[in-house]
Structures are given as C-alpha cells and as structure tokens.
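Chemist: Sharing a structure, written as structure tokens. Questions coming.
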Amino acid sequence: MYTLYTRPNCGLCEEAKSALTLLQEDYPIDFREINIEEDEQLHEQYMLMIPVLTKQENVLLYGNFGYGELLEALIL
C-alpha cells in the first residue's frame with residue numbers, strides 16, 4: 001500500500017493523484033491519500049515537499065512528479 005500525502009488547493013497534489021489513478025488502470029496499485037493539514041506532525045514533516053508518495057514510510061517521490069516518474073519508481 002502506497003500513501004500519497006497532499007493538502008487542499010495544491011495543483012501538484014492533484015496532478016500526482018491523477019497520475020496514480022491513471023496508473024491504476026494498468027497496474028494493481030493501491031494507495032491512500034492523507035491530508036497533511038489534518039496532522040501537525042505530518043504538516044511539519046512534508047509541508048515543503050508535497051505531494052509525497054511513500055511506501056512503508058520510505059519516500060519514493062515528492063514534488064512535481066507524473067505518470068512517467070511513477071511508472072519508473074513503482075513498476076520498473
């Protein structure tokens with residue numbers, strides 16, 4: 001299970017979420033989305049990095065990433 005850390009009104013977060021959803025059409029990838037503004041510790045940890053994609057608390061991607069970067073990081 002992957003975790004996508006986001007916050008409201010974040011264009012990069014929406015792009016990352018859309019890319020993940022698109023990737024799910026071809027690959028069995030499960031992810032959950034967490035709003036960092038609902039948790040002070042997560043906000044402190046990720047506020048300058050979002051969106052952030054993790055697996056088991058290991059950061060895989062952050063910032064501006066799309067379908068190509070996801071494919072490379074998760075599949076290849």
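How things are named: the first chain in the structure tokens is A, the next is B, and so on; residues count from 1 in each chain; ligands count from 1 in the order shown.
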Tell me, as a PyMOL selection string, which residues lie within 9 Å of Asn64 in chain A, counting only C-alpha atoms; anything in the same chain fewer than 3 positions away does not count.

Modeler: chain A and resi 12-13+15-16+50-51+61

Chemist: DSSP says helix (DSSP H, G or I) for which residues of chain A? Put them as a VMD selection string?

Modeler: chain A and resid 11 to 24 36 to 38 40 to 46 67 to 74

Chemist: Please provide the set of residues having any atom within 6 Å of range 32-45 of chain A, restricted to only C-alpha atoms, with same-chain residues fewer than 2 positions apart removed, written as a list in words.

Modeler: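 So, after excluding close chain neighbours, the residues are Thr3, Leu4, Tyr5, Thr6, Arg7 and Met47 of chain A.
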
Chemist: Based on the backbone DSSP call, show me all residues of chain A assigned strand (DSSP E or B), as a PDB file with N, CA, C and O atoms, in the first residue's frame.

Modeler:
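Here's the written file selection.pdb:
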```
ATOM      1  N   TYR A   2       0.596   2.135  -0.904  1.00  0.00           N
ATOM      2  CA  TYR A   2       1.316   3.400  -1.004  1.00  0.00           C
ATOM      3  C   TYR A   2       0.496   4.481  -0.319  1.00  0.00           C
ATOM      4  O   TYR A   2      -0.726   4.387  -0.237  1.00  0.00           O
ATOM      5  N   THR A   3       1.171   5.518   0.144  1.00  0.00           N
ATOM      6  CA  THR A   3       0.500   6.652   0.762  1.00  0.00           C
ATOM      7  C   THR A   3       0.885   7.906   0.006  1.00  0.00           C
ATOM      8  O   THR A   3       2.072   8.158  -0.230  1.00  0.00           O
ATOM      9  N   LEU A   4      -0.115   8.696  -0.368  1.00  0.00           N
ATOM     10  CA  LEU A   4       0.097   9.966  -1.040  1.00  0.00           C
ATOM     11  C   LEU A   4      -0.276  11.074  -0.064  1.00  0.00           C
ATOM     12  O   LEU A   4      -1.435  11.203   0.323  1.00  0.00           O
ATOM     13  N   TYR A   5       0.711  11.838   0.350  1.00  0.00           N
ATOM     14  CA  TYR A   5       0.483  12.961   1.260  1.00  0.00           C
ATOM     15  C   TYR A   5       0.215  14.207   0.425  1.00  0.00           C
ATOM     16  O   TYR A   5       0.993  14.553  -0.474  1.00  0.00           O
ATOM     17  N   THR A   6      -0.908  14.854   0.725  1.00  0.00           N
ATOM     18  CA  THR A   6      -1.336  16.026  -0.040  1.00  0.00           C
ATOM     19  C   THR A   6      -1.880  17.082   0.911  1.00  0.00           C
ATOM     20  O   THR A   6      -1.899  16.882   2.118  1.00  0.00           O
ATOM     21  N   PHE A  31      -3.396   2.877  -3.196  1.00  0.00           N
ATOM     22  CA  PHE A  31      -2.844   3.993  -2.436  1.00  0.00           C
ATOM     23  C   PHE A  31      -3.952   4.665  -1.640  1.00  0.00           C
ATOM     24  O   PHE A  31      -5.120   4.566  -1.974  1.00  0.00           O
ATOM     25  N   ARG A  32      -3.515   5.287  -0.584  1.00  0.00           N
ATOM     26  CA  ARG A  32      -4.448   6.087   0.217  1.00  0.00           C
ATOM     27  C   ARG A  32      -3.910   7.507   0.221  1.00  0.00           C
ATOM     28  O   ARG A  32      -2.705   7.742   0.116  1.00  0.00           O
ATOM     29  N   GLU A  33      -4.825   8.445   0.329  1.00  0.00           N
ATOM     30  CA  GLU A  33      -4.455   9.855   0.338  1.00  0.00           C
ATOM     31  C   GLU A  33      -4.621  10.407   1.748  1.00  0.00           C
ATOM     32  O   GLU A  33      -5.638  10.156   2.400  1.00  0.00           O
ATOM     33  N   ILE A  34      -3.628  11.140   2.218  1.00  0.00           N
ATOM     34  CA  ILE A  34      -3.682  11.738   3.551  1.00  0.00           C
ATOM     35  C   ILE A  34      -3.420  13.235   3.429  1.00  0.00           C
ATOM     36  O   ILE A  34      -2.435  13.656   2.823  1.00  0.00           O
ATOM     37  N   ASN A  35      -4.311  14.007   4.023  1.00  0.00           N
ATOM     38  CA  ASN A  35      -4.184  15.461   4.056  1.00  0.00           C
ATOM     39  C   ASN A  35      -3.242  15.844   5.198  1.00  0.00           C
ATOM     40  O   ASN A  35      -3.566  15.628   6.367  1.00  0.00           O
ATOM     41  N   VAL A  52       3.832  13.965  -1.661  1.00  0.00           N
ATOM     42  CA  VAL A  52       4.847  12.978  -1.286  1.00  0.00           C
ATOM     43  C   VAL A  52       4.217  11.594  -1.392  1.00  0.00           C
ATOM     44  O   VAL A  52       3.146  11.352  -0.852  1.00  0.00           O
ATOM     45  N   LEU A  53       4.906  10.700  -2.097  1.00  0.00           N
ATOM     46  CA  LEU A  53       4.451   9.317  -2.206  1.00  0.00           C
ATOM     47  C   LEU A  53       5.408   8.442  -1.421  1.00  0.00           C
ATOM     48  O   LEU A  53       6.620   8.496  -1.627  1.00  0.00           O
ATOM     49  N   THR A  54       4.843   7.654  -0.489  1.00  0.00           N
ATOM     50  CA  THR A  54       5.673   6.784   0.344  1.00  0.00           C
ATOM     51  C   THR A  54       5.173   5.351   0.260  1.00  0.00           C
ATOM     52  O   THR A  54       4.035   5.089  -0.108  1.00  0.00           O
ATOM     53  N   LYS A  55       6.051   4.450   0.640  1.00  0.00           N
ATOM     54  CA  LYS A  55       5.682   3.052   0.864  1.00  0.00           C
ATOM     55  C   LYS A  55       6.395   2.646   2.134  1.00  0.00           C
ATOM     56  O   LYS A  55       7.620   2.746   2.225  1.00  0.00           O
ATOM     57  N   ASN A  58       8.883   5.050   3.598  1.00  0.00           N
ATOM     58  CA  ASN A  58      10.031   5.417   2.772  1.00  0.00           C
ATOM     59  C   ASN A  58       9.548   6.322   1.647  1.00  0.00           C
ATOM     60  O   ASN A  58       8.656   5.944   0.885  1.00  0.00           O
ATOM     61  N   VAL A  59      10.129   7.503   1.527  1.00  0.00           N
ATOM     62  CA  VAL A  59       9.739   8.440   0.482  1.00  0.00           C
ATOM     63  C   VAL A  59      10.241   7.922  -0.863  1.00  0.00           C
ATOM     64  O   VAL A  59      11.434   7.699  -1.045  1.00  0.00           O
ATOM     65  N   LEU A  60       9.302   7.736  -1.797  1.00  0.00           N
ATOM     66  CA  LEU A  60       9.639   7.275  -3.141  1.00  0.00           C
ATOM     67  C   LEU A  60       9.740   8.440  -4.125  1.00  0.00           C
ATOM     68  O   LEU A  60      10.646   8.498  -4.938  1.00  0.00           O
ATOM     69  N   LEU A  61       8.784   9.350  -4.039  1.00  0.00           N
ATOM     70  CA  LEU A  61       8.736  10.521  -4.912  1.00  0.00           C
ATOM     71  C   LEU A  61       8.160  11.692  -4.143  1.00  0.00           C
ATOM     72  O   LEU A  61       7.341  11.507  -3.246  1.00  0.00           O
ATOM     73  N   TYR A  62       8.565  12.900  -4.540  1.00  0.00           N
ATOM     74  CA  TYR A  62       7.957  14.086  -3.946  1.00  0.00           C
ATOM     75  C   TYR A  62       8.082  15.257  -4.904  1.00  0.00           C
ATOM     76  O   TYR A  62       8.893  15.234  -5.832  1.00  0.00           O
TER      77      TYR A  62
END
```
